[in-house]
Every structure is written in structure tokens, then in C-alpha cells.
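Participant: Dropping in coords-v7.txt, which is compact mmCIF, N, CA and C atoms:
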```txt
# COMPACT_ATOMS: atom_id res chain seq x y z
N MET A 256 93.81 87.22 82.35
CA MET A 256 93.42 87.90 83.57
C MET A 256 94.38 87.45 84.68
N ARG A 257 95.00 88.40 85.33
CA ARG A 257 95.91 88.11 86.44
C ARG A 257 95.14 88.28 87.74
N THR A 258 95.29 87.33 88.66
CA THR A 258 94.58 87.38 89.94
C THR A 258 95.53 87.74 91.07
N ILE A 259 95.14 88.74 91.83
CA ILE A 259 95.82 89.13 93.06
C ILE A 259 94.99 88.50 94.17
N THR A 260 95.65 87.85 95.11
CA THR A 260 94.94 87.16 96.19
C THR A 260 95.22 87.86 97.51
N LEU A 261 94.16 88.19 98.22
CA LEU A 261 94.27 88.77 99.57
C LEU A 261 93.64 87.79 100.54
N ILE A 262 94.45 87.23 101.42
CA ILE A 262 93.95 86.29 102.42
C ILE A 262 94.09 86.95 103.79
N ARG A 263 92.95 87.18 104.42
CA ARG A 263 92.93 87.76 105.76
C ARG A 263 93.10 86.63 106.78
N THR A 264 94.06 86.80 107.68
CA THR A 264 94.36 85.73 108.62
C THR A 264 94.22 86.10 110.09
N GLN A 265 94.16 87.39 110.39
CA GLN A 265 94.13 87.78 111.80
C GLN A 265 93.36 89.08 111.97
N LYS A 266 92.51 89.10 113.00
CA LYS A 266 91.79 90.32 113.35
C LYS A 266 92.08 90.62 114.81
N ASN A 267 92.59 91.84 115.06
CA ASN A 267 92.92 92.25 116.42
C ASN A 267 92.49 93.70 116.58
N GLY A 268 91.36 93.92 117.25
CA GLY A 268 90.81 95.26 117.36
C GLY A 268 90.42 95.76 115.98
N LYS A 269 90.90 96.95 115.61
CA LYS A 269 90.60 97.51 114.29
C LYS A 269 91.50 96.94 113.19
N ALA A 270 92.60 96.29 113.57
CA ALA A 270 93.57 95.80 112.58
C ALA A 270 93.18 94.43 112.04
N VAL A 271 93.02 94.36 110.72
CA VAL A 271 92.80 93.10 110.04
C VAL A 271 94.03 92.86 109.18
N ARG A 272 94.78 91.81 109.53
CA ARG A 272 96.04 91.52 108.85
C ARG A 272 95.90 90.31 107.95
N GLY A 273 96.70 90.33 106.91
CA GLY A 273 96.69 89.22 105.97
C GLY A 273 97.89 89.28 105.06
N THR A 274 97.77 88.59 103.95
CA THR A 274 98.83 88.54 102.96
C THR A 274 98.23 88.78 101.59
N ILE A 275 98.86 89.65 100.82
CA ILE A 275 98.46 89.87 99.44
C ILE A 275 99.54 89.24 98.57
N SER A 276 99.13 88.45 97.59
CA SER A 276 100.11 87.78 96.72
C SER A 276 99.63 87.80 95.28
N TYR A 277 100.59 87.69 94.37
CA TYR A 277 100.31 87.75 92.94
C TYR A 277 101.53 87.26 92.19
N GLN A 278 101.32 86.90 90.94
CA GLN A 278 102.42 86.48 90.09
C GLN A 278 102.80 87.61 89.15
N MET A 279 104.10 87.81 89.01
CA MET A 279 104.60 88.76 88.02
C MET A 279 105.95 88.27 87.55
N ARG A 280 106.44 88.90 86.51
CA ARG A 280 107.71 88.47 85.93
C ARG A 280 108.87 89.01 86.75
N ASN A 281 109.86 88.14 86.99
CA ASN A 281 111.06 88.56 87.70
C ASN A 281 112.10 89.08 86.69
N ARG A 282 113.32 89.32 87.15
CA ARG A 282 114.36 89.88 86.27
C ARG A 282 114.72 88.96 85.11
N GLU A 283 114.52 87.66 85.28
CA GLU A 283 114.78 86.68 84.21
C GLU A 283 113.56 86.51 83.30
N TYR A 284 112.53 87.33 83.53
CA TYR A 284 111.29 87.34 82.78
C TYR A 284 110.49 86.04 82.98
N GLU A 285 110.71 85.40 84.12
CA GLU A 285 109.94 84.21 84.48
C GLU A 285 108.88 84.61 85.50
N MET A 286 107.75 83.92 85.47
CA MET A 286 106.70 84.20 86.44
C MET A 286 107.13 83.73 87.83
N GLU A 287 106.91 84.60 88.80
CA GLU A 287 107.27 84.31 90.18
C GLU A 287 106.18 84.88 91.08
N THR A 288 105.92 84.20 92.20
CA THR A 288 104.92 84.68 93.14
C THR A 288 105.57 85.64 94.13
N PHE A 289 104.96 86.81 94.28
CA PHE A 289 105.40 87.82 95.23
C PHE A 289 104.31 87.99 96.28
N SER A 290 104.71 88.20 97.52
CA SER A 290 103.76 88.38 98.62
C SER A 290 104.22 89.51 99.52
N SER A 291 103.26 90.13 100.18
CA SER A 291 103.58 91.12 101.20
C SER A 291 102.44 91.17 102.20
N PRO A 292 102.74 91.64 103.42
CA PRO A 292 101.68 91.75 104.42
C PRO A 292 100.69 92.85 104.05
N SER A 293 99.44 92.62 104.41
CA SER A 293 98.40 93.63 104.16
C SER A 293 97.76 94.00 105.49
N LEU A 294 97.13 95.17 105.49
CA LEU A 294 96.45 95.67 106.67
C LEU A 294 95.18 96.39 106.23
N GLU A 295 94.09 96.13 106.95
CA GLU A 295 92.82 96.80 106.68
C GLU A 295 92.23 97.25 108.01
N ASN A 296 91.30 98.18 107.92
CA ASN A 296 90.57 98.68 109.08
C ASN A 296 89.28 97.87 109.20
N ALA A 297 89.10 97.19 110.33
CA ALA A 297 87.94 96.32 110.54
C ALA A 297 86.62 97.07 110.42
N ASP A 298 86.62 98.38 110.70
CA ASP A 298 85.39 99.16 110.62
C ASP A 298 84.93 99.40 109.19
N PHE A 299 85.82 99.21 108.21
CA PHE A 299 85.50 99.51 106.82
C PHE A 299 85.87 98.35 105.89
N ILE A 300 85.78 97.14 106.39
CA ILE A 300 86.26 95.96 105.66
C ILE A 300 85.50 95.73 104.36
N ILE A 301 86.21 95.31 103.34
CA ILE A 301 85.63 94.97 102.04
C ILE A 301 85.07 93.55 102.16
N PRO A 302 83.86 93.28 101.70
CA PRO A 302 83.34 91.91 101.77
C PRO A 302 84.22 90.96 100.95
N ALA A 303 84.38 89.74 101.46
CA ALA A 303 85.12 88.72 100.71
C ALA A 303 84.46 88.54 99.35
N GLY A 304 85.27 88.28 98.34
CA GLY A 304 84.75 88.10 96.99
C GLY A 304 85.82 88.43 95.97
N THR A 305 85.42 88.48 94.71
CA THR A 305 86.33 88.78 93.61
C THR A 305 85.89 90.07 92.94
N TYR A 306 86.85 90.97 92.74
CA TYR A 306 86.58 92.30 92.21
C TYR A 306 87.62 92.66 91.14
N PRO A 307 87.20 93.41 90.11
CA PRO A 307 88.19 93.90 89.14
C PRO A 307 89.08 94.96 89.79
N VAL A 308 90.33 95.05 89.32
CA VAL A 308 91.28 96.04 89.82
C VAL A 308 91.91 96.74 88.63
N GLU A 309 91.98 98.07 88.69
CA GLU A 309 92.64 98.87 87.66
C GLU A 309 93.58 99.84 88.34
N CYS A 310 94.64 100.22 87.65
CA CYS A 310 95.53 101.25 88.16
C CYS A 310 95.07 102.58 87.56
N THR A 311 94.59 103.48 88.41
CA THR A 311 94.05 104.76 87.94
C THR A 311 94.65 105.90 88.75
N TRP A 312 94.46 107.11 88.24
CA TRP A 312 94.97 108.30 88.91
C TRP A 312 94.18 108.56 90.19
N SER A 313 94.90 108.76 91.29
CA SER A 313 94.27 109.10 92.56
C SER A 313 94.44 110.59 92.80
N PRO A 314 93.35 111.37 92.74
CA PRO A 314 93.46 112.80 93.02
C PRO A 314 93.95 113.07 94.45
N ARG A 315 93.58 112.22 95.38
CA ARG A 315 93.98 112.41 96.78
C ARG A 315 95.49 112.21 96.96
N PHE A 316 96.03 111.13 96.37
CA PHE A 316 97.46 110.82 96.54
C PHE A 316 98.33 111.40 95.43
N LYS A 317 97.69 111.90 94.37
CA LYS A 317 98.37 112.53 93.24
C LYS A 317 99.38 111.59 92.56
N LYS A 318 98.95 110.35 92.36
CA LYS A 318 99.74 109.36 91.63
C LYS A 318 98.82 108.20 91.24
N PHE A 319 99.32 107.36 90.35
CA PHE A 319 98.57 106.19 89.93
C PHE A 319 98.64 105.13 91.03
N LEU A 320 97.46 104.61 91.40
CA LEU A 320 97.36 103.57 92.42
C LEU A 320 96.32 102.55 91.98
N PRO A 321 96.46 101.29 92.42
CA PRO A 321 95.43 100.29 92.12
C PRO A 321 94.10 100.68 92.78
N LEU A 322 93.03 100.46 92.04
CA LEU A 322 91.68 100.76 92.49
C LEU A 322 90.84 99.49 92.40
N ILE A 323 90.32 99.04 93.54
CA ILE A 323 89.42 97.88 93.56
C ILE A 323 88.04 98.39 93.23
N LYS A 324 87.45 97.84 92.18
CA LYS A 324 86.16 98.33 91.68
C LYS A 324 85.02 97.39 92.06
N ASP A 325 83.81 97.92 91.91
CA ASP A 325 82.57 97.15 92.09
C ASP A 325 82.39 96.62 93.51
N VAL A 326 82.98 97.29 94.50
CA VAL A 326 82.76 96.91 95.90
C VAL A 326 81.38 97.43 96.27
N PRO A 327 80.52 96.57 96.84
CA PRO A 327 79.16 97.00 97.17
C PRO A 327 79.14 98.26 98.03
N GLU A 328 78.29 99.20 97.64
CA GLU A 328 78.06 100.46 98.34
C GLU A 328 79.30 101.33 98.50
N ARG A 329 80.26 101.17 97.59
CA ARG A 329 81.49 101.99 97.63
C ARG A 329 81.82 102.45 96.22
N GLU A 330 82.46 103.60 96.14
CA GLU A 330 82.89 104.15 94.84
C GLU A 330 84.06 103.36 94.27
N GLY A 331 84.94 102.93 95.10
CA GLY A 331 86.15 102.23 94.71
C GLY A 331 87.12 102.28 95.87
N ILE A 332 87.92 101.27 96.01
CA ILE A 332 88.81 101.14 97.14
C ILE A 332 90.25 101.10 96.63
N ARG A 333 91.10 101.93 97.20
CA ARG A 333 92.50 101.99 96.79
C ARG A 333 93.36 100.98 97.54
N ILE A 334 94.44 100.59 96.89
CA ILE A 334 95.53 99.87 97.53
C ILE A 334 96.64 100.90 97.63
N HIS A 335 97.08 101.20 98.86
CA HIS A 335 98.14 102.20 99.03
C HIS A 335 98.97 101.89 100.26
N ARG A 336 99.99 102.69 100.47
CA ARG A 336 100.90 102.49 101.58
C ARG A 336 100.27 102.97 102.89
N GLY A 337 100.52 102.22 103.96
CA GLY A 337 100.05 102.60 105.28
C GLY A 337 100.50 101.59 106.30
N SER A 338 100.51 102.00 107.58
CA SER A 338 101.03 101.10 108.60
C SER A 338 100.13 100.95 109.83
N ILE A 339 99.04 101.73 109.90
CA ILE A 339 98.11 101.57 111.01
C ILE A 339 96.69 101.57 110.46
N PRO A 340 95.76 100.85 111.11
CA PRO A 340 94.41 100.73 110.57
C PRO A 340 93.73 102.08 110.34
N GLU A 341 94.06 103.07 111.15
CA GLU A 341 93.43 104.38 111.01
C GLU A 341 93.82 105.09 109.71
N HIS A 342 94.86 104.59 109.03
CA HIS A 342 95.22 105.13 107.72
C HIS A 342 94.21 104.72 106.65
N SER A 343 93.30 103.83 106.99
CA SER A 343 92.39 103.27 106.00
C SER A 343 90.93 103.48 106.38
N LYS A 344 90.16 103.91 105.41
CA LYS A 344 88.70 103.91 105.54
C LYS A 344 88.16 103.02 104.44
N GLY A 345 88.66 101.79 104.41
CA GLY A 345 88.25 100.81 103.41
C GLY A 345 89.38 100.37 102.53
N CYS A 346 90.46 101.10 102.50
CA CYS A 346 91.59 100.77 101.63
C CYS A 346 92.36 99.56 102.15
N VAL A 347 93.11 98.95 101.23
CA VAL A 347 94.03 97.88 101.57
C VAL A 347 95.41 98.52 101.67
N LEU A 348 96.05 98.38 102.83
CA LEU A 348 97.33 99.01 103.07
C LEU A 348 98.47 98.02 102.92
N LEU A 349 99.56 98.48 102.29
CA LEU A 349 100.76 97.68 102.12
C LEU A 349 101.95 98.46 102.63
N ASP A 350 103.04 97.74 102.92
CA ASP A 350 104.28 98.41 103.31
C ASP A 350 104.99 98.92 102.06
N LEU A 351 106.13 99.57 102.25
CA LEU A 351 106.85 100.17 101.13
C LEU A 351 107.25 99.14 100.09
N ALA A 352 107.79 98.00 100.52
CA ALA A 352 108.20 96.95 99.57
C ALA A 352 106.99 96.41 98.81
N GLY A 353 105.88 96.21 99.51
CA GLY A 353 104.67 95.72 98.86
C GLY A 353 104.15 96.68 97.81
N MET A 354 104.17 97.98 98.13
CA MET A 354 103.71 98.98 97.15
C MET A 354 104.66 99.05 95.95
N SER A 355 105.96 98.92 96.19
CA SER A 355 106.92 98.92 95.08
C SER A 355 106.65 97.76 94.14
N ASN A 356 106.45 96.58 94.72
CA ASN A 356 106.20 95.40 93.88
C ASN A 356 104.87 95.48 93.14
N ILE A 357 103.83 95.96 93.80
CA ILE A 357 102.53 96.02 93.13
C ILE A 357 102.55 97.07 92.02
N THR A 358 103.37 98.11 92.17
CA THR A 358 103.54 99.10 91.10
C THR A 358 104.19 98.45 89.89
N VAL A 359 105.20 97.61 90.14
CA VAL A 359 105.85 96.88 89.04
C VAL A 359 104.83 95.96 88.37
N LEU A 360 104.02 95.27 89.16
CA LEU A 360 102.99 94.39 88.60
C LEU A 360 102.09 95.15 87.64
N PHE A 361 101.58 96.31 88.06
CA PHE A 361 100.64 97.04 87.20
C PHE A 361 101.35 97.63 85.97
N ASN A 362 102.62 97.94 86.08
CA ASN A 362 103.37 98.36 84.89
C ASN A 362 103.48 97.20 83.91
N GLN A 363 103.75 96.00 84.42
CA GLN A 363 103.82 94.82 83.55
C GLN A 363 102.47 94.55 82.89
N LEU A 364 101.40 94.64 83.67
CA LEU A 364 100.07 94.40 83.12
C LEU A 364 99.74 95.38 82.00
N LYS A 365 100.13 96.63 82.17
CA LYS A 365 99.88 97.63 81.13
C LYS A 365 100.63 97.28 79.85
N ILE A 366 101.89 96.91 79.98
CA ILE A 366 102.71 96.54 78.82
C ILE A 366 102.14 95.30 78.14
N GLU A 367 101.73 94.33 78.92
CA GLU A 367 101.21 93.06 78.39
C GLU A 367 99.73 93.13 78.03
N GLU A 368 99.11 94.30 78.25
CA GLU A 368 97.69 94.51 77.97
C GLU A 368 96.82 93.44 78.62
N GLU A 369 97.08 93.24 79.90
CA GLU A 369 96.35 92.23 80.66
C GLU A 369 95.58 92.92 81.79
N ASN A 370 94.41 92.39 82.11
CA ASN A 370 93.59 92.91 83.19
C ASN A 370 93.89 92.18 84.49
N ALA A 371 93.42 92.76 85.60
CA ALA A 371 93.64 92.15 86.91
C ALA A 371 92.34 92.11 87.70
N GLN A 372 92.29 91.17 88.62
CA GLN A 372 91.21 91.06 89.57
C GLN A 372 91.81 90.72 90.93
N ILE A 373 91.07 91.01 91.99
CA ILE A 373 91.53 90.64 93.33
C ILE A 373 90.51 89.69 93.93
N GLU A 374 91.00 88.61 94.49
CA GLU A 374 90.15 87.66 95.19
C GLU A 374 90.45 87.82 96.68
N ILE A 375 89.44 88.18 97.45
CA ILE A 375 89.59 88.43 98.88
C ILE A 375 88.94 87.28 99.64
N MET A 376 89.74 86.67 100.54
CA MET A 376 89.26 85.53 101.31
C MET A 376 89.51 85.76 102.80
N ASP A 377 88.57 85.32 103.61
CA ASP A 377 88.71 85.38 105.07
C ASP A 377 89.11 84.00 105.57
N ARG A 378 90.28 83.92 106.17
CA ARG A 378 90.76 82.67 106.77
C ARG A 378 91.36 82.99 108.12
N TYR A 379 90.55 83.53 108.98
CA TYR A 379 91.01 83.94 110.29
C TYR A 379 91.39 82.73 111.14
N ALA A 380 92.50 82.87 111.88
CA ALA A 380 92.91 81.83 112.82
C ALA A 380 91.93 81.84 113.99
N SER A 381 91.64 80.63 114.49
CA SER A 381 90.70 80.58 115.61
C SER A 381 91.41 80.52 116.93
```
Translate the structure of the given file into C-alpha cells.

Facilitator:
Amino acid sequence: MRTITLIRTQKNGKAVRGTISYQMRNREYEMETFSSPSLENADFIIPAGTYPVECTWSPRFKKFLPLIKDVPEREGIRIHRGSIPEHSKGCVLLDLAGMSNITVLFNQLKIEEENAQIEIMDRYAS
């Protein structure tokens, strides 16, 4: 089981910022930690906790995207590209580089027949 970690570090108005990180194989096929900034909408925040993640077809975006499952009172939450909190109604937003890397991660997981989970933690600066 591969764990993706989302650590929320700052809340400013509707913008909840943090870092999403995970291990995947680099070009030398060695495990390396990759990180990118994340953004969420404070009005639709996912409760801290650990959830399974699968890469599934998104009818809305018309491509395969990671889906955070078993979120209380939600059908499922996508991880997708976005740059302002209003782009999200519960989703975790990443920049272009972050989405490229997470796509590579899920391709590796499929080849290696490994599952993933996301651990979400709140560590806001005071």
C-alpha cells in the first residue's frame, strides 16, 4: 500500500494550502519522495483522516483522475488541476507539475499492482 500524504499548513479565507507528497520510482527506478503544493476550498474541506484512493474515469473531466473514496457524506473527491479555491467544491487541487507527477505515480501503481491511500493532516501555522 502506497501512502500519499496531504499536510495542510495554512488557511487564508477560502484558500487552504498545504503540501501533497508521495514516494514513486525515479528514472533510475529508485524510490524518491515527490512533493507539490496543494489547494482546497475551506467551505468544502475533507475531514482529516486516511482514505483509499483509486485512479478512475472522470465523466466531468473526461480523463482518468485520482478519486479519494469513503469521505463522509460525499460520493468521492477528485484530485485535479486548479489554482483558485473556487475551482474546488471538495477536490484537492494541484498545479500542472503536481498533476503530471501524480499521474506518473498512478501509472506506476497500476503496473506494480499496488493500492494507494491518502493521509490528510491539519498542521496549521498559528

Participant: For each of A:Pro321, A:Ser290, A:Arg329, A:Thr264, take the minimum atom-to-atom distance to Thr358 in chain A, counting all atoms listed in the file, then give the residue where this is smallest.

Facilitator: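 Of the candidates, the smallest distance to Thr358 in chain A is held by A:Pro321.
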
Participant: What is the distance, in Å and to one decimal place, between atom C of His342 in chain A and CA of Met256 in chain A?

Facilitator: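 Computed distance, atom C of His342 in chain A to CA of Met256 in chain A, equals 28.6 Å.
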
Participant: Enumerate the residues of range 256-380 of chain A with a DSSP assignment of strand (DSSP E or B), computed from the backbone, and present them as a PyMOL selection string.

Facilitator: chain A and resi 257-267+270-280+286-296+304-313+318-323+332-336+347-349+371-377

Participant: One number please: atom C of Ile375 in chain A to CA of Val359 in chain A, in Å, one decimal.

Facilitator: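 Value for the atom C of Ile375 in chain A-CA of Val359 in chain A distance: 22.1 Å.
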
Participant: Excluding same-chain residues fewer than 6 positions from Asp377 in chain A, what lies within 6 Å of it counting only N, CA and C atoms, as a list in words?

Facilitator: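 Those residues are Ile262, Arg263 and Ala303 of chain A.
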
Participant: Measuring atom to atom with only N, CA and C atoms, identify which of A:Ser313, A:Ser291, A:Arg282, A:Ile259 is nearest to Ala352 in chain A.

Facilitator: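 Closest residue, counting only N, CA and C atoms: A:Ser291.
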
Participant: Do a neighbour search on Arg272 in chain A at 7 Å with all atoms listed in the file, toss out local chain neighbours closer than 2 positions, and write the hits as an NGL selection string.

Facilitator: :A and (262-267 or 270 or 274 or 292-295)

Participant: To one decimal place, how far is CA of Gln278 in chain A from CA of Thr260 in chain A in Å?

Facilitator: 9.7 Å

Participant: When distances are computed from only N, CA and C atoms, which of A:Phe289, A:Thr311, A:Ala371, A:Met376 shows the smallest separation from Asn356 in chain A?

Facilitator: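 For Asn356 in chain A, the nearest of the candidates is A:Phe289.
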
Participant: Go through A:Val308, A:Ser276, A:Pro302, A:Gly345 one by one, measure the shortest atom-to-atom distance of each to Pro327 in chain A using only N, CA and C atoms, and give the residue with the smallest value.

Facilitator: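 Going through A:Val308, A:Ser276, A:Pro302, A:Gly345 one by one, the smallest distance to Pro327 in chain A is for A:Pro302.
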
Participant: Would you give me, as a list in words, the residues in chain A that DSSP reads as helix (DSSP H, G or I)?

Facilitator: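 In chain A, DSSP puts these residues in helix (DSSP H, G or I): Ala297, Asp298, Phe299, Pro340, Glu341, His342, Leu351, Ala352, Gly353, Met354, Ser355, Asn356, Ile357, Thr358, Val359, Leu360, Phe361, Asn362, Gln363, Leu364, Lys365, Ile366 and Glu367 of chain A.
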
Participant: Next, dump the selected residues to file, keeping only N, CA and C atoms, as a CSV table (one decimal), in the coordinates of the input.

Facilitator:
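New file out.csv:
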```csv
chain,number,residue,atom,x,y,z
A,297,ALA,N,89.1,97.2,110.3
A,297,ALA,CA,87.9,96.3,110.5
A,297,ALA,C,86.6,97.1,110.4
A,298,ASP,N,86.6,98.4,110.7
A,298,ASP,CA,85.4,99.2,110.6
A,298,ASP,C,84.9,99.4,109.2
A,299,PHE,N,85.8,99.2,108.2
A,299,PHE,CA,85.5,99.5,106.8
A,299,PHE,C,85.9,98.4,105.9
A,340,PRO,N,95.8,100.8,111.1
A,340,PRO,CA,94.4,100.7,110.6
A,340,PRO,C,93.7,102.1,110.3
A,341,GLU,N,94.1,103.1,111.2
A,341,GLU,CA,93.4,104.4,111.0
A,341,GLU,C,93.8,105.1,109.7
A,342,HIS,N,94.9,104.6,109.0
A,342,HIS,CA,95.2,105.1,107.7
A,342,HIS,C,94.2,104.7,106.6
A,351,LEU,N,106.1,99.6,102.2
A,351,LEU,CA,106.8,100.2,101.1
A,351,LEU,C,107.2,99.1,100.1
A,352,ALA,N,107.8,98.0,100.5
A,352,ALA,CA,108.2,97.0,99.6
A,352,ALA,C,107.0,96.4,98.8
A,353,GLY,N,105.9,96.2,99.5
A,353,GLY,CA,104.7,95.7,98.9
A,353,GLY,C,104.2,96.7,97.8
A,354,MET,N,104.2,98.0,98.1
A,354,MET,CA,103.7,99.0,97.2
A,354,MET,C,104.7,99.0,96.0
A,355,SER,N,106.0,98.9,96.2
A,355,SER,CA,106.9,98.9,95.1
A,355,SER,C,106.6,97.8,94.1
A,356,ASN,N,106.4,96.6,94.7
A,356,ASN,CA,106.2,95.4,93.9
A,356,ASN,C,104.9,95.5,93.1
A,357,ILE,N,103.8,96.0,93.8
A,357,ILE,CA,102.5,96.0,93.1
A,357,ILE,C,102.6,97.1,92.0
A,358,THR,N,103.4,98.1,92.2
A,358,THR,CA,103.5,99.1,91.1
A,358,THR,C,104.2,98.4,89.9
A,359,VAL,N,105.2,97.6,90.1
A,359,VAL,CA,105.8,96.9,89.0
A,359,VAL,C,104.8,96.0,88.4
A,360,LEU,N,104.0,95.3,89.2
A,360,LEU,CA,103.0,94.4,88.6
A,360,LEU,C,102.1,95.2,87.6
A,361,PHE,N,101.6,96.3,88.1
A,361,PHE,CA,100.6,97.0,87.2
A,361,PHE,C,101.4,97.6,86.0
A,362,ASN,N,102.6,97.9,86.1
A,362,ASN,CA,103.4,98.4,84.9
A,362,ASN,C,103.5,97.2,83.9
A,363,GLN,N,103.8,96.0,84.4
A,363,GLN,CA,103.8,94.8,83.6
A,363,GLN,C,102.5,94.6,82.9
A,364,LEU,N,101.4,94.6,83.7
A,364,LEU,CA,100.1,94.4,83.1
A,364,LEU,C,99.7,95.4,82.0
A,365,LYS,N,100.1,96.6,82.2
A,365,LYS,CA,99.9,97.6,81.1
A,365,LYS,C,100.6,97.3,79.8
A,366,ILE,N,101.9,96.9,80.0
A,366,ILE,CA,102.7,96.5,78.8
A,366,ILE,C,102.1,95.3,78.1
A,367,GLU,N,101.7,94.3,78.9
A,367,GLU,CA,101.2,93.1,78.4
A,367,GLU,C,99.7,93.1,78.0
```

Participant: Could you put an axis-aligned box around every listed atom of range 337-355 of chain A, padded by 3 Å on each side, and send me its centre and edge lengths in Å to one decimal, as JSON?

Facilitator:
```
{"center_x": 98.2, "center_y": 100.4, "center_z": 102.6, "size_x": 26.0, "size_y": 15.4, "size_z": 23.0}
```

Participant: So, counting all atoms listed in the file, which residue among A:Cys310, A:Leu360, A:Ile301, A:Leu320 is closest to Arg280 in chain A?

Facilitator: A:Leu360

Participant: Using only C-alpha atoms, can you tell me which of A:Asp350, A:Glu328, A:Glu309, A:Glu341 comes closest to Lys365 in chain A?

Facilitator: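 The shortest atom-to-atom distance to Lys365 in chain A comes from A:Glu309.
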